[in-house]
$ cat data30.txt   # compact mmCIF, C-alpha atoms and all ligand atoms
# COMPACT_ATOMS: atom_id res chain seq x y z
CA MET A 73 -18.51 -0.46 75.33
CA ARG A 74 -20.99 -2.70 77.14
CA SER A 75 -20.65 -3.17 80.88
CA LEU A 76 -18.54 -6.01 82.14
CA HIS A 77 -21.32 -8.29 83.29
CA VAL A 78 -23.09 -8.06 79.93
CA GLN A 79 -19.83 -8.84 78.12
CA ILE A 80 -19.24 -11.81 80.41
CA PHE A 81 -22.77 -13.10 79.92
CA ILE A 82 -22.44 -12.91 76.13
CA ALA A 83 -19.04 -14.66 76.37
CA LEU A 84 -20.58 -17.47 78.41
CA LEU A 85 -23.36 -18.02 75.89
CA LEU A 86 -20.97 -17.89 72.94
CA GLY A 87 -18.68 -20.35 74.76
CA ALA A 88 -21.50 -22.82 75.31
CA ILE A 89 -22.68 -22.52 71.69
CA SER A 90 -19.13 -22.94 70.31
CA GLY A 91 -18.60 -25.98 72.54
CA MET A 92 -21.79 -27.58 71.24
CA LEU A 93 -21.04 -26.82 67.58
CA LEU A 94 -17.31 -27.47 67.49
CA GLY A 95 -16.90 -30.35 69.99
CA GLU A 96 -13.28 -31.18 70.70
CA SER A 97 -11.97 -28.64 68.17
CA VAL A 98 -12.50 -26.02 70.86
CA LEU A 99 -9.29 -27.34 72.40
CA HIS A 100 -7.43 -25.19 69.83
CA PHE A 101 -8.29 -22.06 71.76
CA ALA A 102 -8.43 -23.60 75.25
CA PHE A 103 -5.13 -21.87 76.08
CA LEU A 104 -7.01 -18.56 76.33
CA GLY A 105 -8.94 -19.95 79.27
CA THR A 106 -5.78 -21.28 80.87
CA LEU A 107 -4.16 -17.87 80.48
CA PHE A 108 -7.03 -16.15 82.34
CA LEU A 109 -6.96 -18.80 85.07
CA LYS A 110 -3.19 -18.42 85.48
CA GLY A 111 -3.60 -14.66 85.77
CA LEU A 112 -6.09 -15.11 88.60
CA LYS A 113 -4.02 -17.76 90.35
CA MET A 114 -0.95 -15.55 90.07
CA ILE A 115 -2.46 -12.96 92.40
CA ILE A 116 -4.25 -15.20 94.93
CA VAL A 117 -1.41 -15.50 97.45
CA PRO A 118 -0.22 -11.86 97.40
CA LEU A 119 -3.84 -10.73 97.48
CA ILE A 120 -4.69 -12.91 100.48
CA VAL A 121 -1.56 -11.87 102.37
CA THR A 122 -2.03 -8.15 101.83
CA SER A 123 -5.78 -8.20 102.30
CA ILE A 124 -5.83 -10.23 105.53
CA VAL A 125 -2.90 -8.46 107.16
CA SER A 126 -4.25 -5.00 106.31
CA GLY A 127 -7.77 -6.14 107.30
CA VAL A 128 -6.72 -7.48 110.70
CA VAL A 129 -4.63 -4.38 111.45
CA GLY A 130 -7.48 -2.07 110.36
CA ILE A 131 -10.10 -3.89 112.43
CA GLY A 132 -7.77 -4.23 115.42
CA GLN A 133 -7.26 -0.48 115.45
CA VAL A 134 -10.94 0.25 115.86
CA GLY A 135 -11.29 -2.63 118.33
CA HIS A 136 -14.11 -4.54 116.58
CA PHE A 137 -12.21 -7.72 116.04
CA GLY A 138 -14.07 -10.02 118.46
CA ARG A 139 -17.50 -8.99 117.21
CA LEU A 140 -16.56 -9.22 113.54
CA SER A 141 -15.05 -12.68 113.85
CA ALA A 142 -18.01 -13.95 115.91
CA GLN A 143 -20.43 -12.68 113.25
CA THR A 144 -18.32 -14.16 110.46
CA PHE A 145 -18.12 -17.64 111.96
CA THR A 146 -21.80 -17.63 112.97
CA TYR A 147 -22.85 -16.80 109.42
CA TYR A 148 -20.49 -19.29 107.79
CA LEU A 149 -21.51 -22.19 110.02
CA SER A 150 -25.23 -21.52 109.89
CA SER A 151 -25.42 -20.94 106.14
CA SER A 152 -23.55 -24.20 105.48
CA LEU A 153 -25.83 -26.09 107.87
CA LEU A 154 -28.94 -24.62 106.24
CA SER A 155 -27.62 -25.71 102.89
CA ILE A 156 -26.89 -29.28 104.06
CA ILE A 157 -30.38 -29.58 105.55
CA THR A 158 -31.92 -28.45 102.25
CA GLY A 159 -29.94 -31.20 100.49
CA LEU A 160 -30.93 -33.76 103.12
CA VAL A 161 -34.64 -33.05 102.75
CA LEU A 162 -34.50 -33.18 98.95
CA VAL A 163 -32.42 -36.36 98.66
CA ASN A 164 -34.77 -38.16 101.08
CA ALA A 165 -37.84 -36.89 99.24
CA ILE A 166 -36.61 -37.63 95.70
CA SER A 167 -34.54 -40.78 96.49
CA PRO A 168 -32.55 -40.53 93.23
CA GLY A 169 -30.41 -43.59 94.05
CA LYS A 170 -33.20 -46.12 94.65
CA GLY A 171 -33.12 -48.67 91.83
CA ALA A 172 -30.75 -46.54 89.72
CA GLN A 173 -28.85 -48.42 86.98
CA LEU A 174 -25.30 -47.17 87.44
CA HIS A 175 -21.83 -47.87 86.15
CA LEU A 176 -18.83 -47.69 88.40
CA GLN A 177 -16.10 -45.57 86.87
CA ALA A 178 -12.58 -45.62 88.26
CA PRO A 179 -11.35 -42.13 89.24
CA PRO A 180 -8.20 -40.88 87.49
CA GLU A 181 -5.01 -41.97 89.30
CA GLN A 182 -4.22 -38.68 91.01
CA LEU A 183 -7.75 -38.30 92.31
CA ALA A 184 -7.84 -41.93 93.50
CA HIS A 185 -4.73 -41.26 95.56
CA SER A 186 -6.28 -38.25 97.34
CA ILE A 187 -9.54 -40.13 97.88
CA ALA A 188 -7.71 -42.99 99.60
CA GLN A 189 -5.78 -40.46 101.68
CA PHE A 190 -8.93 -38.76 102.95
CA GLY A 191 -10.80 -42.01 103.41
CA ASP A 192 -9.39 -42.66 106.87
CA GLY A 193 -12.40 -41.30 108.71
CA PRO A 194 -13.70 -38.04 110.19
CA LYS A 195 -11.54 -38.09 113.33
CA ALA A 196 -8.34 -38.31 111.30
CA ALA A 197 -9.71 -35.67 108.91
CA LEU A 198 -10.43 -33.26 111.78
CA GLU A 199 -6.97 -33.87 113.20
CA ARG A 200 -5.40 -33.27 109.81
CA LEU A 201 -7.44 -30.09 109.30
CA LEU A 202 -6.23 -28.70 112.63
CA LEU A 203 -2.63 -29.68 112.03
CA ASP A 204 -2.67 -28.34 108.48
CA MET A 205 -3.85 -24.97 109.73
CA VAL A 206 -0.41 -24.21 111.12
CA PRO A 207 2.30 -24.09 108.46
CA ASP A 208 5.75 -25.45 109.25
CA ASN A 209 7.07 -23.35 106.42
CA VAL A 210 4.88 -20.48 105.34
CA PHE A 211 6.72 -20.00 102.05
CA ARG A 212 6.19 -23.63 101.09
CA ALA A 213 2.50 -23.28 101.99
CA MET A 214 2.34 -20.21 99.72
CA ALA A 215 4.18 -21.94 96.89
CA GLU A 216 1.91 -24.97 97.10
CA GLY A 217 -1.21 -22.82 97.26
CA GLN A 218 -2.33 -24.13 100.68
CA ILE A 219 -4.55 -21.23 101.60
CA LEU A 220 -5.69 -22.10 105.13
CA PRO A 221 -2.21 -22.13 106.74
CA VAL A 222 -1.35 -18.91 104.88
CA ILE A 223 -4.48 -17.27 106.32
CA VAL A 224 -3.55 -18.41 109.84
CA PHE A 225 -0.06 -16.97 109.43
CA CYS A 226 -1.46 -13.65 108.17
CA PHE A 227 -3.84 -13.40 111.14
CA LEU A 228 -0.94 -13.88 113.53
CA LEU A 229 1.19 -11.38 111.64
CA GLY A 230 -1.68 -8.86 111.74
CA PHE A 231 -2.03 -9.30 115.51
CA ALA A 232 1.72 -8.92 115.94
CA ILE A 233 1.66 -5.65 113.98
CA ILE A 234 -1.19 -4.27 116.14
CA ARG A 235 0.96 -4.80 119.22
CA LEU A 236 3.93 -2.88 117.80
CA SER A 237 4.45 0.72 118.70
CA ASP A 238 5.10 3.49 116.20
CA PRO A 239 6.95 4.03 113.92
CA HIS A 240 6.94 0.25 113.18
CA GLN A 241 3.19 -0.21 113.34
CA GLU A 242 2.55 2.87 111.22
CA ARG A 243 5.08 1.79 108.57
CA LEU A 244 3.84 -1.78 108.29
CA ARG A 245 0.19 -0.75 108.23
CA GLY A 246 0.91 1.69 105.41
CA PHE A 247 2.97 -0.90 103.56
CA PHE A 248 0.34 -3.64 103.64
CA GLN A 249 -2.47 -1.22 102.81
CA SER A 250 -0.60 0.13 99.78
CA ALA A 251 0.45 -3.35 98.65
CA PHE A 252 -3.20 -4.39 98.84
CA GLU A 253 -4.24 -1.42 96.68
CA ALA A 254 -1.59 -2.45 94.13
CA MET A 255 -2.95 -6.01 94.07
CA MET A 256 -6.44 -4.66 93.42
CA GLN A 257 -5.08 -2.60 90.54
CA LEU A 258 -3.53 -5.77 89.12
CA THR A 259 -6.88 -7.51 89.59
CA HIS A 260 -8.53 -4.83 87.42
CA PHE A 261 -6.16 -5.64 84.56
CA ILE A 262 -6.86 -9.35 84.79
CA ILE A 263 -10.62 -8.89 85.03
CA ARG A 264 -10.51 -7.13 81.67
CA LEU A 265 -9.60 -10.53 80.22
CA ALA A 266 -12.59 -12.20 81.88
CA PRO A 267 -14.88 -12.27 78.82
CA ILE A 268 -12.24 -13.99 76.67
CA GLY A 269 -11.16 -16.35 79.45
CA ILE A 270 -14.70 -17.32 80.38
CA PHE A 271 -15.62 -17.89 76.74
CA ALA A 272 -12.71 -20.34 76.31
CA LEU A 273 -13.23 -22.13 79.65
CA VAL A 274 -16.93 -22.75 79.05
CA ALA A 275 -16.36 -23.80 75.43
CA LYS A 276 -13.83 -26.37 76.65
CA VAL A 277 -16.17 -27.95 79.23
CA VAL A 278 -19.14 -28.06 76.86
CA GLY A 279 -17.02 -29.29 73.93
CA THR A 280 -15.36 -32.12 75.83
CA THR A 281 -18.16 -33.34 78.14
CA GLY A 282 -20.90 -35.16 76.29
CA LEU A 283 -24.44 -34.71 77.52
CA SER A 284 -24.84 -38.51 77.54
CA VAL A 285 -23.24 -38.60 81.02
CA PHE A 286 -26.51 -37.25 82.33
CA ILE A 287 -28.61 -40.19 81.14
CA ASP A 288 -27.94 -42.49 84.14
CA LEU A 289 -27.22 -39.78 86.65
CA GLY A 290 -29.94 -37.34 85.62
CA LEU A 291 -32.06 -37.64 88.74
CA TYR A 292 -29.03 -37.36 91.03
CA ALA A 293 -27.73 -34.29 89.18
CA LEU A 294 -31.21 -32.79 89.27
CA THR A 295 -31.44 -33.30 93.05
CA VAL A 296 -28.10 -31.52 93.63
CA PHE A 297 -29.11 -28.79 91.21
CA ALA A 298 -32.55 -28.30 92.82
CA GLY A 299 -30.93 -28.08 96.27
CA LEU A 300 -28.46 -25.47 95.06
CA VAL A 301 -31.23 -23.41 93.48
CA VAL A 302 -33.42 -23.54 96.62
CA HIS A 303 -30.50 -22.48 98.81
CA ALA A 304 -29.10 -19.77 96.53
CA ALA A 305 -32.30 -18.36 95.06
CA ILE A 306 -34.71 -18.67 98.01
CA ILE A 307 -33.03 -19.19 101.39
CA LEU A 308 -30.03 -16.85 101.08
CA PRO A 309 -32.08 -14.02 99.46
CA LEU A 310 -34.63 -14.27 102.30
CA VAL A 311 -31.82 -14.01 104.85
CA LEU A 312 -30.34 -11.04 102.96
CA TYR A 313 -33.66 -9.23 102.81
CA PHE A 314 -35.02 -9.87 106.29
CA VAL A 315 -31.84 -10.10 108.35
CA GLY A 316 -29.71 -7.51 106.57
CA GLY A 317 -32.20 -5.24 104.79
CA ILE A 318 -30.28 -5.88 101.57
CA SER A 319 -31.85 -6.15 98.12
CA PRO A 320 -30.83 -9.62 96.85
CA LEU A 321 -31.25 -8.54 93.23
CA ALA A 322 -28.99 -5.53 93.65
CA LEU A 323 -26.32 -7.72 95.27
CA LEU A 324 -26.72 -10.28 92.49
CA ARG A 325 -26.24 -7.59 89.86
CA ALA A 326 -23.11 -6.33 91.63
CA LEU A 327 -21.69 -9.80 91.92
CA THR A 328 -22.30 -11.08 88.37
CA PRO A 329 -18.64 -10.88 87.28
CA ALA A 330 -17.61 -12.96 90.30
CA LEU A 331 -20.40 -15.50 89.88
CA PHE A 332 -19.67 -16.07 86.19
CA THR A 333 -15.97 -16.40 86.97
CA ALA A 334 -16.78 -18.98 89.67
CA PHE A 335 -18.99 -20.88 87.24
CA SER A 336 -16.37 -21.07 84.52
CA THR A 337 -13.28 -21.68 86.68
CA SER A 338 -14.89 -24.02 89.29
CA SER A 339 -12.57 -22.50 91.86
CA SER A 340 -13.53 -20.17 94.70
CA SER A 341 -9.87 -19.37 95.33
CA ALA A 342 -9.20 -18.36 91.75
CA THR A 343 -12.38 -16.27 91.83
CA LEU A 344 -11.38 -14.43 95.04
CA PRO A 345 -9.80 -11.40 93.30
CA VAL A 346 -12.99 -10.86 91.29
CA THR A 347 -15.16 -11.42 94.40
CA ILE A 348 -13.27 -8.77 96.36
CA GLU A 349 -13.40 -6.36 93.44
CA SER A 350 -17.14 -6.82 92.93
CA LEU A 351 -17.94 -6.47 96.65
CA GLU A 352 -15.91 -3.30 97.06
CA GLN A 353 -16.33 -1.50 93.76
CA ARG A 354 -19.80 -2.61 92.75
CA ALA A 355 -21.62 -3.30 96.05
CA GLY A 356 -19.89 -0.62 98.11
CA VAL A 357 -18.75 -2.89 100.96
CA SER A 358 -15.84 -1.38 102.86
CA ASN A 359 -12.33 -2.62 102.34
CA ARG A 360 -12.03 -3.36 106.05
CA THR A 361 -14.88 -5.88 106.06
CA THR A 362 -14.22 -7.39 102.63
CA SER A 363 -10.53 -7.95 103.21
CA PHE A 364 -11.28 -10.00 106.30
CA VAL A 365 -14.54 -11.84 105.52
CA ALA A 366 -14.18 -12.68 101.80
CA PRO A 367 -10.80 -14.54 101.81
CA LEU A 368 -11.90 -16.52 104.85
CA GLY A 369 -15.16 -17.40 103.12
CA ALA A 370 -13.43 -18.53 99.94
CA THR A 371 -11.44 -20.97 102.04
CA ILE A 372 -13.81 -22.32 104.69
CA ASN A 373 -17.37 -21.42 103.66
CA MET A 374 -18.67 -23.69 100.91
CA ASP A 375 -22.44 -24.02 101.04
CA GLY A 376 -22.68 -25.60 97.59
CA THR A 377 -20.01 -28.16 98.42
CA ALA A 378 -21.62 -28.95 101.79
CA LEU A 379 -24.99 -29.62 100.13
CA PHE A 380 -23.33 -31.73 97.46
CA GLU A 381 -21.49 -33.85 100.09
CA CYS A 382 -24.77 -34.69 101.80
CA VAL A 383 -26.76 -35.45 98.63
CA ALA A 384 -23.94 -37.50 97.09
CA ALA A 385 -23.39 -39.61 100.22
CA LEU A 386 -27.08 -40.41 100.57
CA PHE A 387 -27.38 -41.10 96.84
CA ILE A 388 -24.51 -43.59 97.04
CA ALA A 389 -26.13 -45.25 100.08
CA GLN A 390 -29.42 -45.54 98.21
CA ALA A 391 -27.68 -46.96 95.13
CA TYR A 392 -25.97 -49.63 97.26
CA GLY A 393 -29.31 -50.42 98.91
CA VAL A 394 -28.09 -49.23 102.35
CA ASP A 395 -30.76 -47.61 104.53
CA LEU A 396 -29.20 -44.88 106.65
CA GLY A 397 -31.11 -44.24 109.90
CA PHE A 398 -31.49 -40.95 111.77
CA THR A 399 -28.18 -41.20 113.67
CA GLN A 400 -26.25 -42.02 110.54
CA GLN A 401 -27.87 -39.20 108.60
CA PHE A 402 -26.95 -36.88 111.46
CA LEU A 403 -23.36 -38.09 111.11
CA VAL A 404 -23.54 -37.34 107.39
CA VAL A 405 -24.65 -33.76 108.18
CA LEU A 406 -21.73 -33.22 110.58
CA THR A 407 -19.09 -34.75 108.33
CA ALA A 408 -20.46 -32.93 105.28
CA LEU A 409 -19.90 -29.69 107.21
CA LEU A 410 -16.37 -30.75 108.13
CA ALA A 411 -15.63 -31.83 104.54
CA SER A 412 -16.84 -28.50 103.16
CA ILE A 413 -14.67 -26.55 105.61
CA GLY A 414 -11.65 -28.68 104.78
CA ALA A 415 -12.14 -28.61 100.99
CA ALA A 416 -9.74 -26.30 99.19
CA GLY A 417 -11.31 -23.81 96.78
CA ILE A 418 -10.09 -25.60 93.68
CA PRO A 419 -11.87 -27.80 91.11
CA MET A 420 -13.34 -31.10 92.27
CA THR A 421 -11.96 -31.14 95.81
CA GLY A 422 -15.53 -31.60 96.99
CA LEU A 423 -15.45 -35.01 95.32
CA VAL A 424 -12.21 -35.93 97.09
CA MET A 425 -13.55 -34.81 100.47
CA LEU A 426 -16.61 -36.99 99.98
CA SER A 427 -14.41 -39.87 101.12
CA ILE A 428 -14.58 -38.50 104.70
CA VAL A 429 -18.38 -38.57 104.64
CA LEU A 430 -18.56 -42.04 103.10
CA THR A 431 -16.10 -43.49 105.63
CA SER A 432 -18.01 -41.99 108.56
CA VAL A 433 -21.06 -44.12 107.75
CA GLY A 434 -19.20 -47.15 106.44
CA LEU A 435 -19.96 -46.75 102.74
CA PRO A 436 -17.37 -47.98 100.19
CA LEU A 437 -15.09 -45.32 98.73
CA GLU A 438 -15.58 -46.81 95.26
CA GLY A 439 -19.05 -45.25 95.44
CA ILE A 440 -17.36 -42.04 94.31
CA GLY A 441 -16.88 -43.75 90.95
CA LEU A 442 -20.67 -43.78 90.53
CA ILE A 443 -20.97 -40.01 90.35
CA ILE A 444 -17.66 -38.90 88.91
CA ALA A 445 -18.99 -38.59 85.37
CA VAL A 446 -21.20 -35.59 86.14
CA ASP A 447 -18.97 -33.99 88.74
CA ARG A 448 -17.17 -31.60 86.42
CA ILE A 449 -20.46 -29.93 85.54
CA LEU A 450 -21.94 -30.01 89.06
CA ASP A 451 -18.71 -28.47 90.36
CA MET A 452 -19.40 -25.36 88.25
CA PHE A 453 -22.79 -24.87 89.89
CA ARG A 454 -21.69 -25.60 93.46
CA THR A 455 -18.68 -23.28 93.16
CA THR A 456 -21.02 -20.49 92.03
CA VAL A 457 -23.16 -21.09 95.13
CA ASN A 458 -20.01 -21.15 97.31
CA VAL A 459 -18.99 -17.70 96.05
CA TRP A 460 -22.56 -16.36 96.27
CA SER A 461 -22.80 -17.39 99.93
CA ASP A 462 -19.41 -15.80 100.73
CA SER A 463 -20.64 -12.58 99.16
CA CYS A 464 -24.01 -12.64 100.96
CA GLY A 465 -22.10 -13.17 104.22
CA THR A 466 -19.73 -10.29 103.55
CA ALA A 467 -22.59 -7.92 102.70
CA LEU A 468 -24.63 -8.98 105.76
CA ILE A 469 -21.72 -8.56 108.12
CA ALA A 470 -20.94 -5.16 106.62
CA ARG A 471 -24.52 -4.11 107.43
CA TYR A 472 -24.09 -5.37 110.99
CA GLN A 473 -20.92 -3.32 111.23
CA GLY A 474 -23.08 -0.29 110.53
CA GLU A 475 -22.00 0.21 106.89
CA LYS A 476 -24.29 1.94 104.41
CA LEU A 477 -24.13 -0.12 101.23
CA ASP A 478 -25.19 0.71 97.65
CA ILE A 479 -27.41 -2.37 97.67
CA THR A 480 -29.80 -1.83 100.56
CA LYS A 481 -33.50 -2.36 99.84
CA HIS A 482 -34.57 1.25 100.37
N1 LIG B 501 -14.63 -26.35 93.31
C1 LIG B 501 -15.20 -25.96 94.57
C2 LIG B 501 -14.72 -24.57 94.94
O1 LIG B 501 -13.67 -24.14 94.56
C3 LIG B 501 -14.87 -26.94 95.65
C4 LIG B 501 -15.54 -28.25 95.33
O2 LIG B 501 -14.97 -29.06 94.59
O3 LIG B 501 -16.68 -28.45 95.76
O4 LIG B 501 -15.39 -23.83 95.60

$ encode --input "data30.txt" --output "structure tokens"
Amino acid sequence: MRSLHVQIFIALLLGAISGMLLGESVLHFAFLGTLFLKGLKMIIVPLIVTSIVSGVVGIGQVGHFGRLSAQTFTYYLSSSLLSIITGLVLVNAISPGKGAQLHLQAPPEQLAHSIAQFGDGPKAALERLLLDMVPDNVFRAMAEGQILPVIVFCFLLGFAIIRLSDPHQERLRGFFQSAFEAMMQLTHFIIRLAPIGIFALVAKVVGTTGLSVFIDLGLYALTVFAGLVVHAAIILPLVLYFVGGISPLALLRALTPALFTAFSTSSSSATLPVTIESLEQRAGVSNRTTSFVAPLGATINMDGTALFECVAALFIAQAYGVDLGFTQQFLVVLTALLASIGAAGIPMTGLVMLSIVLTSVGLPLEGIGLIIAVDRILDMFRTTVNVWSDSCGTALIARYQGEKLDITKH
């Protein structure tokens, strides 16, 4: 039996070919993709709860918590900023929106509602982000899949457990650790379905999205794509190699199942179980580091989305003939960062969060209608970069915690 990443790669190719040959008939087997996606979604909340609580308790016991969280936030903020700056340079150099012949397309009703909701400016968005971090009902947050408040609750619970004395601390630590192991076992079962699921998901996208959408938006899509490639294939590998002494190719090989899952599901949250599995089992990162850094990354660190926010906002400005000066471009950088932190790890939320960036520089929200046609495809690429950056961060931080990984350059 071929190894998992080879199987997944073959499935992806077969999916793309079937989509091209069969067109909309691929919808007959689309349920196989939905089944895989449901399997992944099923374990997100229990996996996050058990992994963060056991992670916080484990780190708290050895007393490294402050250093680990400082390293995590430093990496997440700087990698997102680097990514936005790459996008900014490219979109100014290529100017894909200047003189572009574009058609406004109205977003579907549900999306339009969220866009209007987030279009009330960066201050309101920051306020909402802070308020939303604290759940008023943690079970409702879990049921509705709001990951950030669940993470905050789990952090607090972890801290509370550290302060307990034995036997309570001992019991709860053991319980959450064992529950986490059980979730990982469940993840193994679901990952076995990855080749079939990925085949069906990719076939569906290729079969139902015509390539003609790229005719008007080709240069824009190319600018986003080029930015993502520069960030993921040049900047992050350089950081891995020189800052962490990690072989980027070895990490890439270890992470292929997660990256292909991200590409086909367009959801960092749904990919999280596979990301954790790949980091621990294939790259040799410890459970203590992974269980803390990876879930946080899947929720707040989105380099691909951040870059997309910046390129899309400047493209829309160019298409409307609006010249954004230095101060306004600086505002775009800051709000793109905020939008990427606030975006949930599910399909096309990056597009919804773009409304914050557009409002901050006074661009019309309808501008989103200019780029919606290619967003489904671009989302696949930016989600892959989001997951890749989370994984690079987790591996780097593990090195800084003194871990010996299977993927170091020597
Ligand atoms: N789909 C992306 C993710 O899950 C978010 C986005 O729409 O940019 O990472």

$ closest_residue --input "data30.txt" --among "A:Ala266, A:Ala408, A:Ala416, A:Val302" --to "A:Val383" --atoms "all atoms listed in the file"
A:Ala408

$ atom_distance --input "data30.txt" --atom1 "atom CA of A:Leu201" --atom2 "atom CA of A:Val365"
19.9 Å

$ residues_around --input "data30.txt" --residues "A:Leu321" --least-positions-apart "6" --cutoff "12 Å" --atoms "all atoms listed in the file" --output "PDB file with C-alpha atoms, keeping the file's coordinate frame"
ATOM      1  CA  ALA A 304     -29.100 -19.770  96.530  1.00  0.00           C
ATOM      2  CA  ALA A 305     -32.300 -18.360  95.060  1.00  0.00           C
ATOM      3  CA  ILE A 306     -34.710 -18.670  98.010  1.00  0.00           C
ATOM      4  CA  LEU A 308     -30.030 -16.850 101.080  1.00  0.00           C
ATOM      5  CA  PRO A 309     -32.080 -14.020  99.460  1.00  0.00           C
ATOM      6  CA  LEU A 310     -34.630 -14.270 102.300  1.00  0.00           C
ATOM      7  CA  LEU A 312     -30.340 -11.040 102.960  1.00  0.00           C
ATOM      8  CA  TYR A 313     -33.660  -9.230 102.810  1.00  0.00           C
ATOM      9  CA  LEU A 327     -21.690  -9.800  91.920  1.00  0.00           C
ATOM     10  CA  THR A 328     -22.300 -11.080  88.370  1.00  0.00           C
ATOM     11  CA  ALA A 355     -21.620  -3.300  96.050  1.00  0.00           C
ATOM     12  CA  CYS A 464     -24.010 -12.640 100.960  1.00  0.00           C
ATOM     13  CA  ASP A 478     -25.190   0.710  97.650  1.00  0.00           C
ATOM     14  CA  ILE A 479     -27.410  -2.370  97.670  1.00  0.00           C
ATOM     15  CA  THR A 480     -29.800  -1.830 100.560  1.00  0.00           C
ATOM     16  CA  LYS A 481     -33.500  -2.360  99.840  1.00  0.00           C
TER      17      LYS A 481
END

$ closest_residue --input "data30.txt" --among "A:Val121, A:Leu291, A:Leu423, A:Val346" --to "A:Ala251" --atoms "only C-alpha atoms"
A:Val121

$ residues_near_ligand --input "data30.txt" --ligand "ligand LIG 501 (chain B)" --cutoff "8 Å" --atoms "only C-alpha atoms and all ligand atoms" --output "PDB file with C-alpha atoms, in the coordinates of the input"
ATOM      1  CA  ALA A 334     -16.780 -18.980  89.670  1.00  0.00           C
ATOM      2  CA  SER A 338     -14.890 -24.020  89.290  1.00  0.00           C
ATOM      3  CA  SER A 339     -12.570 -22.500  91.860  1.00  0.00           C
ATOM      4  CA  SER A 340     -13.530 -20.170  94.700  1.00  0.00           C
ATOM      5  CA  SER A 341      -9.870 -19.370  95.330  1.00  0.00           C
ATOM      6  CA  ALA A 342      -9.200 -18.360  91.750  1.00  0.00           C
ATOM      7  CA  ALA A 370     -13.430 -18.530  99.940  1.00  0.00           C
ATOM      8  CA  MET A 374     -18.670 -23.690 100.910  1.00  0.00           C
ATOM      9  CA  GLY A 376     -22.680 -25.600  97.590  1.00  0.00           C
ATOM     10  CA  THR A 377     -20.010 -28.160  98.420  1.00  0.00           C
ATOM     11  CA  ALA A 378     -21.620 -28.950 101.790  1.00  0.00           C
ATOM     12  CA  PHE A 380     -23.330 -31.730  97.460  1.00  0.00           C
ATOM     13  CA  SER A 412     -16.840 -28.500 103.160  1.00  0.00           C
ATOM     14  CA  ALA A 415     -12.140 -28.610 100.990  1.00  0.00           C
ATOM     15  CA  ALA A 416      -9.740 -26.300  99.190  1.00  0.00           C
ATOM     16  CA  GLY A 417     -11.310 -23.810  96.780  1.00  0.00           C
ATOM     17  CA  ILE A 418     -10.090 -25.600  93.680  1.00  0.00           C
ATOM     18  CA  PRO A 419     -11.870 -27.800  91.110  1.00  0.00           C
ATOM     19  CA  MET A 420     -13.340 -31.100  92.270  1.00  0.00           C
ATOM     20  CA  THR A 421     -11.960 -31.140  95.810  1.00  0.00           C
ATOM     21  CA  GLY A 422     -15.530 -31.600  96.990  1.00  0.00           C
ATOM     22  CA  LEU A 423     -15.450 -35.010  95.320  1.00  0.00           C
ATOM     23  CA  VAL A 424     -12.210 -35.930  97.090  1.00  0.00           C
ATOM     24  CA  ASP A 451     -18.710 -28.470  90.360  1.00  0.00           C
ATOM     25  CA  MET A 452     -19.400 -25.360  88.250  1.00  0.00           C
ATOM     26  CA  ARG A 454     -21.690 -25.600  93.460  1.00  0.00           C
ATOM     27  CA  THR A 455     -18.680 -23.280  93.160  1.00  0.00           C
ATOM     28  CA  THR A 456     -21.020 -20.490  92.030  1.00  0.00           C
ATOM     29  CA  ASN A 458     -20.010 -21.150  97.310  1.00  0.00           C
ATOM     30  CA  VAL A 459     -18.990 -17.700  96.050  1.00  0.00           C
TER      31      VAL A 459
END

$ atom_distance --input "data30.txt" --atom1 "atom CA of A:Ser463" --atom2 "atom CA of A:Ile413"
16.5 Å

$ atom_distance --input "data30.txt" --atom1 "atom CA of A:His77" --atom2 "atom CA of A:Glu253"
22.8 Å

$ residues_around --input "data30.txt" --residues "A:Thr281" --least-positions-apart "5" --cutoff "12 Å" --atoms "only C-alpha atoms" --output "list in words"
Ala88, Gly91, Met92, Gly95, Glu96, Val98, Val274, Ala275, Lys276, Phe286, Ala445, Val446, Asp447, Arg448 and Ile449 of chain A

$ residues_around --input "data30.txt" --residues "stretch 144-152 of chain A" --least-positions-apart "4" --cutoff "9 Å" --atoms "all atoms listed in the file" --output "ChimeraX atom specification"
/A:139-140,156-157,308,365,368-369,372-379,409,412,461-462,465-466,468-469

$ closest_residue --input "data30.txt" --among "A:Ile89, A:Ile219, A:Leu442, A:Leu265" --to "A:Leu76" --atoms "all atoms listed in the file"
A:Leu265

$ residues_near_point --input "data30.txt" --point "(-0.1, -13.2, 96.8)" --cutoff "12 Å" --atoms "only C-alpha atoms" --output "PyMOL selection string"
chain A and resi 111-125+211+213-219+222-223+226+248+251-252+254-256+258-259+341-342+344-345+367

$ residues_around --input "data30.txt" --residues "A:Phe271" --least-positions-apart "4" --cutoff "8 Å" --atoms "only C-alpha atoms" --output "list in words"
Ile80, Ala83, Leu84, Leu85, Leu86, Gly87, Ala88, Gly105, Pro267 and Ala275 of chain A

$ closest_residue --input "data30.txt" --among "A:Val277, A:Pro207, A:Phe108, A:Ile440" --to "A:Phe261" --atoms "all atoms listed in the file"
A:Phe108

$ axis_aligned_box --input "data30.txt" --around "stretch 213-220 of chain A" --padding-each-side "8 Å" --output "lines of an AutoDock Vina configuration file"
center_x = -0.8
center_y = -22.6
center_z = 101.0
size_x = 25.9
size_y = 20.8
size_z = 24.2

$ closest_residue --input "data30.txt" --among "A:Ile270, A:Ile262, A:Val404, A:Ile388" --to "A:Leu331" --atoms "all atoms listed in the file"
A:Ile270
